[in-house]
>>> print(open('input.csv').read())   # CSV, C-alpha atoms
chain,number,residue,atom,x,y,z
A,6,MET,CA,123.0,141.8,94.6
A,7,VAL,CA,122.0,139.8,91.6
A,8,SER,CA,119.9,137.3,93.6
A,9,GLU,CA,117.8,140.0,95.4
A,10,PRO,CA,115.4,140.7,92.4
A,11,CYS,CA,115.0,136.9,92.0
A,12,VAL,CA,114.0,136.6,95.7
A,13,GLN,CA,111.6,139.5,95.3
A,14,ASN,CA,110.1,137.9,92.1
A,15,GLU,CA,109.7,134.6,93.8
A,16,ALA,CA,108.0,136.2,96.8
A,17,SER,CA,105.8,138.2,94.5
A,18,SER,CA,104.8,135.0,92.6
A,19,GLU,CA,104.2,133.3,96.0
A,20,ARG,CA,101.7,135.9,97.0
A,21,ARG,CA,99.6,135.3,93.9
A,22,GLN,CA,96.3,133.6,94.8
A,23,ALA,CA,94.4,131.5,92.3
A,24,GLY,CA,90.8,132.4,92.0
A,25,LEU,CA,87.7,131.8,89.9
A,26,ALA,CA,89.5,132.4,86.6
A,27,GLN,CA,92.2,129.9,87.3
A,28,SER,CA,89.7,127.3,88.6
A,29,LEU,CA,87.5,127.6,85.5
A,30,LEU,CA,90.5,127.4,83.1
A,31,LEU,CA,91.8,124.3,84.8
A,32,LEU,CA,88.4,122.6,85.0
A,33,LEU,CA,87.5,123.4,81.4
A,34,GLY,CA,91.0,122.3,80.3
A,35,SER,CA,90.5,119.0,82.0
A,36,CYS,CA,87.4,118.5,79.8
A,37,LEU,CA,89.3,118.7,76.5
A,38,PRO,CA,90.7,115.1,76.7
A,39,VAL,CA,87.1,113.9,77.1
A,40,LEU,CA,86.3,115.7,73.8
A,41,GLY,CA,88.8,113.5,72.1
A,42,ALA,CA,87.2,110.4,73.6
A,43,VAL,CA,83.6,110.9,72.8
A,44,LEU,CA,83.1,113.6,70.2
A,45,LEU,CA,83.5,111.3,67.2
A,46,ALA,CA,81.5,108.3,68.4
A,47,PRO,CA,78.2,109.4,66.7
A,48,VAL,CA,79.9,109.9,63.3
A,49,LEU,CA,82.0,106.7,63.1
A,50,PRO,CA,79.5,104.8,60.9
A,51,ARG,CA,79.5,107.7,58.3
A,52,MET,CA,83.3,107.8,58.5
A,53,GLN,CA,83.4,104.0,58.0
A,54,ALA,CA,81.2,104.4,54.9
A,55,HIS,CA,83.4,107.2,53.5
A,56,PHE,CA,86.5,105.0,53.7
A,57,ALA,CA,84.8,101.7,52.9
A,58,ASP,CA,87.2,101.2,49.9
A,59,VAL,CA,90.4,101.7,52.0
A,60,ALA,CA,92.2,98.5,53.0
A,61,GLY,CA,91.9,97.9,56.7
A,62,SER,CA,89.3,100.6,57.3
A,63,ALA,CA,87.3,98.3,59.5
A,64,VAL,CA,90.1,98.4,62.0
A,65,LEU,CA,91.5,101.9,61.3
A,66,VAL,CA,88.2,103.8,61.7
A,67,PRO,CA,87.5,102.6,65.3
A,68,ILE,CA,91.2,103.3,66.1
A,69,VAL,CA,90.5,107.0,65.3
A,70,LEU,CA,88.3,107.0,68.4
A,71,THR,CA,90.4,104.9,70.7
A,72,LEU,CA,94.0,105.8,69.8
A,73,PRO,CA,94.2,109.1,71.8
A,74,ALA,CA,93.3,107.2,75.0
A,75,LEU,CA,96.1,104.7,74.3
A,76,VAL,CA,98.6,107.5,73.6
A,77,ILE,CA,97.6,109.2,76.8
A,78,ALA,CA,98.1,106.0,78.8
A,79,LEU,CA,101.6,105.5,77.3
A,80,LEU,CA,102.9,109.1,77.4
A,81,ALA,CA,101.2,110.9,80.4
A,82,PRO,CA,104.0,109.8,82.8
A,83,PHE,CA,106.6,111.3,80.6
A,84,ALA,CA,104.5,114.5,80.4
A,85,GLY,CA,104.5,114.6,84.2
A,86,MET,CA,108.3,114.3,84.2
A,87,ILE,CA,108.6,117.1,81.8
A,88,ALA,CA,106.2,119.2,83.8
A,89,ASP,CA,108.4,118.7,86.9
A,90,ARG,CA,111.6,119.5,85.2
A,91,LEU,CA,110.8,122.2,82.7
A,92,GLY,CA,107.6,123.7,84.1
A,93,ARG,CA,103.9,123.2,84.0
A,94,LYS,CA,102.8,126.3,82.1
A,95,PRO,CA,105.2,125.9,79.1
A,96,LEU,CA,104.1,122.3,78.6
A,97,LEU,CA,100.5,123.2,78.9
A,98,LEU,CA,100.7,126.0,76.3
A,99,ALA,CA,102.7,123.8,73.9
A,100,SER,CA,100.2,120.9,74.4
A,101,MET,CA,97.3,123.3,73.7
A,102,GLY,CA,98.8,124.5,70.4
A,103,LEU,CA,99.4,120.8,69.3
A,104,TYR,CA,95.8,120.0,70.3
A,105,VAL,CA,94.4,122.6,68.0
A,106,LEU,CA,96.7,121.7,65.1
A,107,CYS,CA,96.2,118.0,65.2
A,108,GLY,CA,92.5,118.3,66.1
A,109,VAL,CA,91.4,120.3,63.1
A,110,LEU,CA,93.7,118.6,60.5
A,111,PRO,CA,91.1,115.9,59.6
A,112,LEU,CA,89.0,118.7,58.2
A,113,TRP,CA,91.3,118.6,55.2
A,114,LEU,CA,93.1,115.3,55.3
A,115,GLU,CA,92.0,112.8,52.6
A,116,SER,CA,94.1,109.8,53.8
A,117,LEU,CA,92.7,107.6,56.6
A,118,GLN,CA,96.2,106.8,57.7
A,119,ALA,CA,97.0,110.5,58.0
A,120,ILE,CA,93.9,111.0,60.1
A,121,VAL,CA,95.0,108.2,62.4
A,122,LEU,CA,98.4,109.9,62.8
A,123,SER,CA,96.7,113.2,63.6
A,124,ARG,CA,94.8,111.3,66.3
A,125,ALA,CA,98.0,110.1,67.8
A,126,GLY,CA,99.1,113.7,68.0
A,127,ILE,CA,95.8,114.6,69.8
A,128,GLY,CA,96.6,111.9,72.3
A,129,LEU,CA,100.1,113.4,72.9
A,130,ALA,CA,98.5,116.9,73.4
A,131,GLU,CA,95.8,115.6,75.7
A,132,ALA,CA,98.4,113.8,77.8
A,133,GLY,CA,100.1,117.1,78.4
A,134,ILE,CA,96.9,119.0,79.0
A,135,MET,CA,95.4,116.6,81.5
A,136,THR,CA,98.6,116.1,83.4
A,137,CYS,CA,99.3,119.9,83.6
A,138,CYS,CA,95.8,120.9,84.6
A,139,THR,CA,95.7,118.3,87.4
A,140,THR,CA,99.2,119.2,88.6
A,141,LEU,CA,98.4,123.0,88.6
A,142,MET,CA,95.3,122.2,90.7
A,143,GLY,CA,97.6,120.6,93.2
A,144,ASP,CA,100.1,123.6,92.9
A,145,TYR,CA,97.6,126.5,93.1
A,146,TYR,CA,95.4,125.1,95.9
A,147,SER,CA,95.7,123.3,99.1
A,148,GLY,CA,93.4,121.8,101.8
A,149,ALA,CA,89.7,122.1,101.3
A,150,ARG,CA,90.0,124.2,98.1
A,151,ARG,CA,92.1,121.5,96.4
A,152,GLU,CA,89.8,118.8,97.6
A,153,ARG,CA,86.8,120.7,96.2
A,154,LEU,CA,88.4,121.3,92.9
A,155,PHE,CA,89.4,117.7,92.4
A,156,ALA,CA,85.7,116.7,93.0
A,157,LEU,CA,84.6,119.4,90.6
A,158,GLN,CA,87.0,118.1,88.0
A,159,MET,CA,85.2,114.8,88.1
A,160,VAL,CA,81.9,116.6,87.8
A,161,ALA,CA,83.0,118.7,84.9
A,162,THR,CA,84.5,115.8,82.9
A,163,SER,CA,81.4,113.7,83.4
A,164,LEU,CA,79.0,116.4,82.3
A,165,SER,CA,81.1,117.4,79.4
A,166,ALA,CA,81.1,113.8,78.1
A,167,ALA,CA,77.3,113.9,77.8
A,168,VAL,CA,77.4,117.3,76.2
A,169,PHE,CA,80.2,116.4,73.7
A,170,ILE,CA,78.3,113.2,72.5
A,171,ALA,CA,75.2,115.3,71.8
A,172,VAL,CA,77.3,118.0,70.1
A,173,GLY,CA,79.2,115.5,68.0
A,174,GLY,CA,76.0,113.9,66.8
A,175,PHE,CA,74.5,117.3,65.9
A,176,LEU,CA,77.5,118.6,64.0
A,177,GLY,CA,77.9,115.3,62.2
A,178,GLN,CA,74.4,115.2,60.7
A,179,ASN,CA,75.5,116.5,57.3
A,180,ASP,CA,79.3,115.8,57.2
A,181,TRP,CA,81.4,113.4,59.4
A,182,ARG,CA,84.3,115.9,59.2
A,183,THR,CA,82.4,118.8,60.8
A,184,PRO,CA,82.9,117.7,64.5
A,185,PHE,CA,86.6,118.1,64.1
A,186,ALA,CA,86.2,121.8,63.8
A,187,LEU,CA,85.3,121.9,67.5
A,188,TYR,CA,89.0,121.3,68.4
A,189,ALA,CA,89.5,124.9,67.4
A,190,VAL,CA,88.2,125.8,70.9
A,191,GLY,CA,91.8,125.5,71.9
A,192,LEU,CA,92.4,128.8,70.2
A,193,ILE,CA,90.2,130.4,72.9
A,194,PHE,CA,92.0,128.6,75.8
A,195,LEU,CA,95.5,129.2,74.6
A,196,PRO,CA,95.7,133.0,75.1
A,197,LEU,CA,93.6,132.8,78.2
A,198,MET,CA,95.9,130.3,79.8
A,199,ALA,CA,98.9,132.3,78.8
A,200,TRP,CA,97.4,135.4,80.4
A,201,LYS,CA,95.8,134.0,83.6
A,202,LEU,CA,98.0,131.1,84.6
A,203,TRP,CA,101.5,131.4,86.0
A,204,GLU,CA,104.3,129.0,86.7
A,205,PRO,CA,104.0,128.1,90.4
A,206,GLN,CA,106.8,128.0,92.9
A,207,ALA,CA,107.4,125.5,95.7
A,208,ARG,CA,105.7,126.6,98.8
A,209,ALA,CA,106.9,126.0,102.4
A,210,GLN,CA,104.2,123.8,103.8
A,211,ALA,CA,103.9,120.6,105.8
A,212,GLU,CA,104.5,117.5,103.8
A,213,SER,CA,103.1,114.0,104.4
A,214,PRO,CA,105.5,111.6,106.1
A,215,ILE,CA,105.9,109.8,102.8
A,216,ALA,CA,107.0,112.9,100.9
A,217,SER,CA,109.3,114.0,103.8
A,218,ALA,CA,111.0,110.6,104.0
A,219,SER,CA,111.5,110.2,100.2
A,220,ASN,CA,114.5,112.7,100.1
A,221,GLY,CA,113.5,113.6,96.5
A,222,VAL,CA,113.0,110.0,95.4
A,223,PHE,CA,109.6,109.4,93.8
A,224,PRO,CA,107.5,107.3,96.3
A,225,TRP,CA,106.7,104.4,94.0
A,226,ARG,CA,106.0,102.0,96.9
A,227,ALA,CA,103.4,104.3,98.4
A,228,LEU,CA,101.7,105.2,95.1
A,229,THR,CA,101.8,101.9,93.1
A,230,PRO,CA,98.7,100.4,95.0
A,231,MET,CA,96.8,103.5,94.2
A,232,TYR,CA,97.8,103.5,90.6
A,233,VAL,CA,96.5,99.9,90.4
A,234,LEU,CA,93.2,101.2,91.9
A,235,ALA,CA,93.2,104.0,89.3
A,236,LEU,CA,93.6,101.5,86.5
A,237,LEU,CA,90.7,99.5,87.8
A,238,ALA,CA,88.7,102.8,88.2
A,239,GLY,CA,89.3,103.6,84.5
A,240,LEU,CA,88.2,100.1,83.5
A,241,SER,CA,85.0,100.6,85.7
A,242,LEU,CA,84.4,104.0,84.2
A,243,PHE,CA,83.9,102.7,80.7
A,244,ILE,CA,81.8,99.6,81.6
A,245,VAL,CA,78.4,101.5,81.4
A,246,PRO,CA,79.1,103.7,78.3
A,247,VAL,CA,80.4,100.8,76.2
A,248,GLN,CA,78.2,97.9,77.5
A,249,ALA,CA,74.9,99.4,78.5
A,250,GLY,CA,73.6,99.6,74.9
A,251,TYR,CA,74.3,95.9,74.3
A,252,LEU,CA,72.7,94.9,77.6
A,253,LEU,CA,69.6,96.9,76.8
A,254,ASN,CA,69.4,95.2,73.4
A,255,LEU,CA,69.3,91.8,75.1
A,256,LEU,CA,66.2,93.1,77.0
A,257,GLN,CA,64.6,94.2,73.6
A,258,VAL,CA,65.3,97.8,74.3
A,259,ASP,CA,66.8,99.5,71.3
A,260,ALA,CA,65.2,103.0,71.2
A,261,PRO,CA,67.9,105.7,71.2
A,262,GLN,CA,65.9,107.8,73.7
A,263,GLN,CA,65.8,104.9,76.2
A,264,ILE,CA,69.5,104.2,75.8
A,265,GLY,CA,70.3,107.9,76.2
A,266,MET,CA,68.2,108.0,79.4
A,267,THR,CA,70.3,105.1,80.7
A,268,MET,CA,73.5,106.9,80.0
A,269,GLY,CA,72.1,110.0,81.6
A,270,ALA,CA,71.3,108.1,84.7
A,271,ASN,CA,74.8,106.8,84.9
A,272,GLN,CA,76.2,110.3,84.5
A,273,LEU,CA,73.8,111.6,87.2
A,274,GLY,CA,75.2,109.0,89.6
A,275,VAL,CA,78.7,110.0,88.8
A,276,LEU,CA,77.8,113.7,89.5
A,277,VAL,CA,76.2,112.9,92.8
A,278,GLY,CA,79.1,110.6,93.8
A,279,ALA,CA,81.7,113.2,93.0
A,280,LEU,CA,79.7,115.8,95.0
A,281,SER,CA,79.4,113.4,98.0
A,282,PHE,CA,83.2,113.2,98.2
A,283,ARG,CA,83.2,116.5,100.1
A,284,LEU,CA,80.3,115.4,102.4
A,285,LEU,CA,82.2,112.2,103.3
A,286,SER,CA,85.6,113.7,103.7
A,287,ALA,CA,85.7,113.0,107.5
A,288,LEU,CA,86.1,109.3,106.6
A,289,ARG,CA,89.6,107.8,106.1
A,290,ALA,CA,90.5,107.6,102.4
A,291,GLN,CA,90.7,103.8,102.3
A,292,HIS,CA,87.2,103.7,103.7
A,293,LEU,CA,85.9,106.1,101.0
A,294,LEU,CA,87.5,103.8,98.4
A,295,LEU,CA,85.9,100.8,100.1
A,296,ILE,CA,82.5,102.5,99.8
A,297,ALA,CA,83.2,103.6,96.2
A,298,TYR,CA,84.2,100.1,94.9
A,299,VAL,CA,81.4,98.4,96.7
A,300,MET,CA,78.8,100.7,95.2
A,301,ALA,CA,80.4,100.3,91.7
A,302,GLY,CA,80.4,96.5,92.2
A,303,ILE,CA,76.8,96.4,93.4
A,304,GLY,CA,75.7,98.5,90.4
A,305,THR,CA,77.6,96.2,88.0
A,306,LEU,CA,76.1,93.1,89.6
A,307,LEU,CA,72.6,94.6,89.4
A,308,MET,CA,73.2,95.2,85.7
A,309,SER,CA,74.0,91.5,85.2
A,310,THR,CA,70.7,90.5,86.8
A,311,ALA,CA,68.5,93.3,85.4
A,312,GLY,CA,65.3,92.1,83.7
A,313,SER,CA,63.9,95.4,82.6
A,314,HIS,CA,64.9,98.9,81.4
A,315,ALA,CA,64.0,100.4,84.8
A,316,GLN,CA,66.3,98.0,86.6
A,317,VAL,CA,69.2,98.8,84.3
A,318,VAL,CA,68.6,102.5,85.0
A,319,MET,CA,68.8,101.9,88.7
A,320,ALA,CA,71.8,99.7,88.4
A,321,VAL,CA,73.9,102.2,86.3
A,322,MET,CA,73.0,105.0,88.7
A,323,ILE,CA,74.3,103.0,91.7
A,324,ASN,CA,77.4,102.2,89.6
A,325,GLY,CA,77.9,105.9,88.8
A,326,LEU,CA,77.7,106.8,92.5
A,327,GLY,CA,80.7,104.6,93.1
A,328,ILE,CA,82.7,105.8,90.1
A,329,GLY,CA,82.1,109.5,91.0
A,330,LEU,CA,83.4,108.9,94.5
A,331,MET,CA,86.5,106.9,93.8
A,332,LEU,CA,88.3,109.2,91.3
A,333,PRO,CA,88.5,112.4,93.5
A,334,THR,CA,89.4,110.2,96.5
A,335,LEU,CA,92.3,108.6,94.6
A,336,ILE,CA,93.8,111.9,93.2
A,337,THR,CA,93.5,113.7,96.5
A,338,TRP,CA,95.2,110.9,98.3
A,339,ILE,CA,97.9,110.6,95.7
A,340,MET,CA,98.7,114.3,95.7
A,341,ALA,CA,99.0,114.3,99.5
A,342,GLN,CA,101.9,111.8,99.2
A,343,VAL,CA,104.2,113.9,97.0
A,344,ASN,CA,106.0,117.2,97.2
A,345,PHE,CA,106.0,120.0,94.7
A,346,HIS,CA,108.9,118.6,92.6
A,347,GLN,CA,107.1,115.2,92.3
A,348,ARG,CA,103.6,116.4,91.7
A,349,GLY,CA,103.7,116.4,87.9
A,350,ARG,CA,104.9,112.8,87.7
A,351,ALA,CA,102.3,111.8,90.2
A,352,ALA,CA,99.5,113.4,88.2
A,353,GLY,CA,100.9,112.0,84.9
A,354,CYS,CA,101.0,108.4,86.2
A,355,PHE,CA,97.4,108.8,87.6
A,356,THR,CA,96.2,110.1,84.2
A,357,ALA,CA,98.0,107.2,82.5
A,358,ALA,CA,96.4,104.7,84.8
A,359,ILE,CA,92.9,106.0,84.2
A,360,PHE,CA,93.2,106.1,80.4
A,361,ALA,CA,94.8,102.7,80.3
A,362,GLY,CA,91.9,101.3,82.2
A,363,GLU,CA,89.4,103.0,79.8
A,364,PHE,CA,91.3,101.6,76.8
A,365,ILE,CA,91.4,98.0,78.0
A,366,SER,CA,87.8,98.1,79.4
A,367,PRO,CA,86.0,96.9,76.2
A,368,LEU,CA,88.9,94.5,75.5
A,369,VAL,CA,88.5,92.8,78.9
A,370,VAL,CA,84.8,92.4,78.3
A,371,LEU,CA,85.4,91.2,74.7
A,372,GLY,CA,87.9,88.6,76.0
A,373,MET,CA,85.3,87.3,78.5
A,374,THR,CA,82.4,87.2,76.1
A,375,HIS,CA,84.3,86.2,72.9
A,376,GLY,CA,82.0,88.5,71.0
A,377,VAL,CA,78.8,86.7,72.1
A,378,VAL,CA,76.4,89.3,73.3
A,379,SER,CA,74.3,86.8,75.3
A,380,ALA,CA,77.4,86.2,77.5
A,381,LEU,CA,77.5,89.8,78.6
A,382,PRO,CA,75.4,89.4,81.8
A,383,THR,CA,77.9,86.7,83.0
A,384,ALA,CA,80.9,88.9,82.2
A,385,LEU,CA,79.2,91.8,84.1
A,386,ALA,CA,78.6,89.5,87.1
A,387,VAL,CA,82.3,88.6,87.1
A,388,LEU,CA,83.4,92.2,86.9
A,389,GLY,CA,80.9,93.2,89.7
A,390,GLY,CA,82.4,90.5,91.9
A,391,LEU,CA,85.9,91.7,91.1
A,392,GLN,CA,85.0,95.3,92.0
A,393,CYS,CA,83.7,94.1,95.4
A,394,LEU,CA,86.9,92.2,96.0
A,395,VAL,CA,88.9,95.3,95.1
A,396,ALA,CA,86.9,97.1,97.7
A,397,MET,CA,88.4,94.8,100.4
A,398,PHE,CA,91.9,95.4,98.9
A,399,CYS,CA,91.4,99.1,99.5
A,400,LEU,CA,91.6,98.6,103.3
A,401,SER,CA,95.2,97.2,102.9
A,402,VAL,CA,96.5,100.0,100.7
A,403,PRO,CA,98.0,102.1,103.6
A,404,ARG,CA,99.9,99.0,104.9
A,405,LEU,CA,101.1,97.9,101.4
A,406,GLY,CA,102.3,101.4,100.5
A,407,GLY,CA,103.6,102.5,103.9
A,408,LEU,CA,101.0,105.3,104.0
A,409,VAL,CA,99.6,107.0,107.0
A,410,ALA,CA,96.0,105.9,107.3
A,411,GLN,CA,94.4,109.4,107.2
A,412,SER,CA,91.2,111.0,106.0
A,413,PRO,CA,91.0,113.7,103.4
A,414,MET,CA,90.0,116.0,106.3
A,415,THR,CA,93.3,115.1,108.0
A,416,ILE,CA,95.2,115.7,104.8
A,417,LYS,CA,93.4,119.1,104.5
A,418,ARG,CA,94.6,120.2,107.9
A,419,GLU,CA,98.2,119.1,107.2
A,420,LEU,CA,98.3,121.0,104.0
>>> encode(input="input.csv", output="structure tokens")
Amino acid sequence: MVSEPCVQNEASSERRQAGLAQSLLLLLGSCLPVLGAVLLAPVLPRMQAHFADVAGSAVLVPIVLTLPALVIALLAPFAGMIADRLGRKPLLLASMGLYVLCGVLPLWLESLQAIVLSRAGIGLAEAGIMTCCTTLMGDYYSGARRERLFALQMVATSLSAAVFIAVGGFLGQNDWRTPFALYAVGLIFLPLMAWKLWEPQARAQAESPIASASNGVFPWRALTPMYVLALLAGLSLFIVPVQAGYLLNLLQVDAPQQIGMTMGANQLGVLVGALSFRLLSALRAQHLLLIAYVMAGIGTLLMSTAGSHAQVVMAVMINGLGIGLMLPTLITWIMAQVNFHQRGRAAGCFTAAIFAGEFISPLVVLGMTHGVVSALPTALAVLGGLQCLVAMFCLSVPRLGGLVAQSPMTIKREL
């Protein structure tokens, strides 16, 4: 008699259908970690000047920008484990509260070290937010709707990056602290997520052969090759935002408007690439990844040989097309290999791999150039060649991981 209401509640929860409100909340929530990555970039010089007398400020101020990405890379897998064991919604709401608290603290903190610690807290919060939003997309949706939402997630995060950079520069015109106030936007999302989102239940649906054969054991063999590709995707994602300005300076282009146009062309490419994922979904996933990494590689190679601003713009647009296609392909394929109880960890490891790649991207280029800007074209040529080699590796991913070589369209029918 006691179990009957529970069964009814579960059935009631199972009949709930996610709609526009849930899609918007999860898409916009996915943009918040991007806010942490780019919002402060325009005000770093002023922040550096403010803390010029603080010992080690030359190192600590840049860390304010990059530390959240490192924390996400380290802790997102643990956030995924918590989401699987304790629930997606509780972790998401707790992470959103921490996001607001740590985000706005620098408005009042006077110690640079304390600000750095608050940024570590932001990284912890963003690890939970990004992992839970991606996991809930996999929970609430299936088939074509899930596929479309993962593509839109890439579109939304790409567009928000450009918007947040502009907003950060505008808010920081008079005071470098002002952009931190934007983290209070979490106060809007927190009650809306508490109201409109719900804790999902496992649904009876067809699983992939990998998920069915795992018997509850996380399919590391199947997913590790894709996480390696996700790490390289994160590295590729930050090549243009970090290196394009230096490359243009070598070509005697230093006008902010022209540099901004170049970044915009890259984001346009990412947008078109993400949207093309749905149009190309009849292809096998490994073939989509092949196309994505080849395009990213060609774009990077063209950057290394560009002799004018127009050629750089064309190169970064081609690079963006590849980047925009590879990320939704990877997350869709990863989610198809796990069951409900493994989905949080799968999303957390994917998030960690992407942000780890973003964090090491400038370090890899720095290691290749040794800080000599004139060596940048050679480093880009090496990276472009590497991306093309990785494209060939994509064809062997199903065999290495024991995956079924299937297309997103096939995945869609099975789900």
>>> residues_around(input="input.csv", residues="Tyr104 of chain A", least_positions_apart="6", cutoff="10 Å", atoms="only C-alpha atoms", output="list in words")
Leu37, Pro38, Gly41, Leu98, Ser123, Arg124, Gly126, Ile127, Gly128, Leu129, Ala130, Glu131, Gly133, Ile134, Tyr188, Ala189, Val190, Gly191 and Leu192 of chain A
>>> closest_atom_pairs(input="input.csv", of="segment 99-136 of chain A", to="segment 86-89 of chain A", cutoff="12 Å", atoms="all atoms listed in the file", output="Markdown table")
| residue | atom | partner | partner_atom | distance |
| --- | --- | --- | --- | --- |
| A:Ala99 | CA | A:Ala88 | CA | 11.5 |
| A:Ser100 | CA | A:Ala88 | CA | 11.3 |
| A:Ala132 | CA | A:Ala88 | CA | 11.2 |
| A:Gly133 | CA | A:Ala88 | CA | 8.4 |
| A:Ile134 | CA | A:Ala88 | CA | 10.5 |
| A:Met135 | CA | A:Ala88 | CA | 11.3 |
| A:Thr136 | CA | A:Ala88 | CA | 8.2 |
>>> closest_residue(input="input.csv", among="A:Met397, A:Leu44, A:Ala238, A:Ala23", to="Leu187 of chain A", atoms="all atoms listed in the file")
A:Leu44
>>> closest_residue(input="input.csv", among="A:Val321, A:Met308, A:Val377, A:Met101", to="Ala199 of chain A", atoms="only C-alpha atoms")
A:Met101
>>> closest_residue(input="input.csv", among="A:Ser165, A:Val121, A:Val64, A:Leu110", to="Gly34 of chain A", atoms="all atoms listed in the file")
A:Ser165
>>> atom_distance(input="input.csv", atom1="atom CA of Ile68 of chain A", atom2="atom CA of Ala119 of chain A")
12.3 Å
>>> atom_distance(input="input.csv", atom1="atom CA of Arg348 of chain A", atom2="atom CA of Val299 of chain A")
29.0 Å
>>> residues_around(input="input.csv", residues="Ala301 of chain A", least_positions_apart="4", cutoff="9 Å", atoms="only C-alpha atoms", output="list in words")
Ser241, Ile296, Ala297, Thr305, Leu306, Val321, Ile323, Asn324, Gly325, Leu326, Gly327, Ile328, Gly389, Gln392 and Cys393 of chain A
>>> atom_distance(input="input.csv", atom1="atom CA of Arg151 of chain A", atom2="atom CA of Leu394 of chain A")
29.8 Å
>>> closest_residue(input="input.csv", among="A:Pro382, A:Gly362, A:Gly173, A:Pro73", to="Ala125 of chain A", atoms="only C-alpha atoms")
A:Pro73
>>> closest_residue(input="input.csv", among="A:Ile303, A:Met142, A:Ala380, A:Ala186", to="Leu202 of chain A", atoms="only C-alpha atoms")
A:Met142
>>> residues_around(input="input.csv", residues="Gln53 of chain A", least_positions_apart="3", cutoff="8 Å", atoms="all atoms listed in the file", output="list in words")
Leu49, Pro50, Phe56, Ala57, Ser62, Ala63 and Val66 of chain A
>>> closest_residue(input="input.csv", among="A:Ile120, A:Cys36, A:Ala351, A:Leu80", to="Trp225 of chain A", atoms="only C-alpha atoms")
A:Ala351
>>> closest_atom_pairs(input="input.csv", of="segment 300-400 of chain A", to="segment 245-260 of chain A", cutoff="10 Å", atoms="all atoms listed in the file", output="tab-separated table")
residue	atom	partner	partner_atom	distance
A:Gly304	CA	A:Val245	CA	9.9
A:Thr305	CA	A:Val245	CA	8.5
A:Met308	CA	A:Leu252	CA	8.1
A:Ser309	CA	A:Leu252	CA	8.4
A:Ala311	CA	A:Leu256	CA	8.7
A:Gly312	CA	A:Leu256	CA	6.8
A:Ser313	CA	A:Leu256	CA	6.5
A:His314	CA	A:Leu253	CA	6.9
A:Val317	CA	A:Leu253	CA	7.7
A:Val318	CA	A:Ala249	CA	9.6
A:Ala320	CA	A:Val245	CA	9.8
A:Val321	CA	A:Val245	CA	6.7
A:Met322	CA	A:Val245	CA	9.7
A:Asn324	CA	A:Val245	CA	8.3
A:Gly325	CA	A:Val245	CA	8.6
A:Glu363	CA	A:Val247	CA	9.9
A:Ser366	CA	A:Val247	CA	8.5
A:Pro367	CA	A:Val247	CA	6.8
A:Val370	CA	A:Gln248	CA	8.6
A:Val378	CA	A:Tyr251	CA	7.0
A:Ser379	CA	A:Leu255	CA	7.1
A:Ala380	CA	A:Leu252	CA	9.9
A:Leu381	CA	A:Leu252	CA	7.1
A:Pro382	CA	A:Leu252	CA	7.4
A:Leu385	CA	A:Gln248	CA	9.0
>>> residues_around(input="input.csv", residues="Phe169 of chain A", least_positions_apart="6", cutoff="9 Å", atoms="all atoms listed in the file", output="short mmCIF file (atom, residue, chain, number, x, y, z; two decimals) with C-alpha atoms, in the coordinates of the input")
data_model
loop_
_atom_site.label_atom_id
_atom_site.label_comp_id
_atom_site.auth_asym_id
_atom_site.auth_seq_id
_atom_site.Cartn_x
_atom_site.Cartn_y
_atom_site.Cartn_z
CA VAL A 39 87.10 113.90 77.10
CA LEU A 40 86.30 115.70 73.80
CA VAL A 43 83.60 110.90 72.80
CA LEU A 44 83.10 113.60 70.20
CA LEU A 45 83.50 111.30 67.20
#
>>> residues_around(input="input.csv", residues="Leu295 of chain A", least_positions_apart="3", cutoff="6 Å", atoms="all atoms listed in the file", output="list of chain:residue names")
A:His292, A:Tyr298, A:Ala396, A:Cys399
>>> decode(input="input.csv", residues="segment 109-114 of chain A", atoms="N, CA, C and O atoms", output="compact mmCIF listing (two decimals), in the first residue's frame")
# COMPACT_ATOMS: atom_id res chain seq x y z
N VAL A 109 29.71 37.75 -7.44
CA VAL A 109 29.59 39.16 -7.08
C VAL A 109 30.54 39.58 -5.95
O VAL A 109 30.71 40.77 -5.71
N LEU A 110 31.17 38.62 -5.28
CA LEU A 110 32.06 38.96 -4.17
C LEU A 110 33.16 39.96 -4.54
O LEU A 110 33.48 40.86 -3.75
N PRO A 111 33.79 39.86 -5.73
CA PRO A 111 34.85 40.82 -6.06
C PRO A 111 34.39 42.28 -6.11
O PRO A 111 35.24 43.18 -6.16
N LEU A 112 33.09 42.52 -6.11
CA LEU A 112 32.62 43.91 -6.03
C LEU A 112 33.07 44.58 -4.74
O LEU A 112 33.22 45.81 -4.68
N TRP A 113 33.31 43.76 -3.71
CA TRP A 113 33.68 44.32 -2.40
C TRP A 113 35.05 43.85 -1.90
O TRP A 113 35.60 44.47 -1.00
N LEU A 114 35.57 42.78 -2.45
CA LEU A 114 36.85 42.25 -1.97
C LEU A 114 37.99 43.20 -2.32
O LEU A 114 38.09 43.68 -3.45
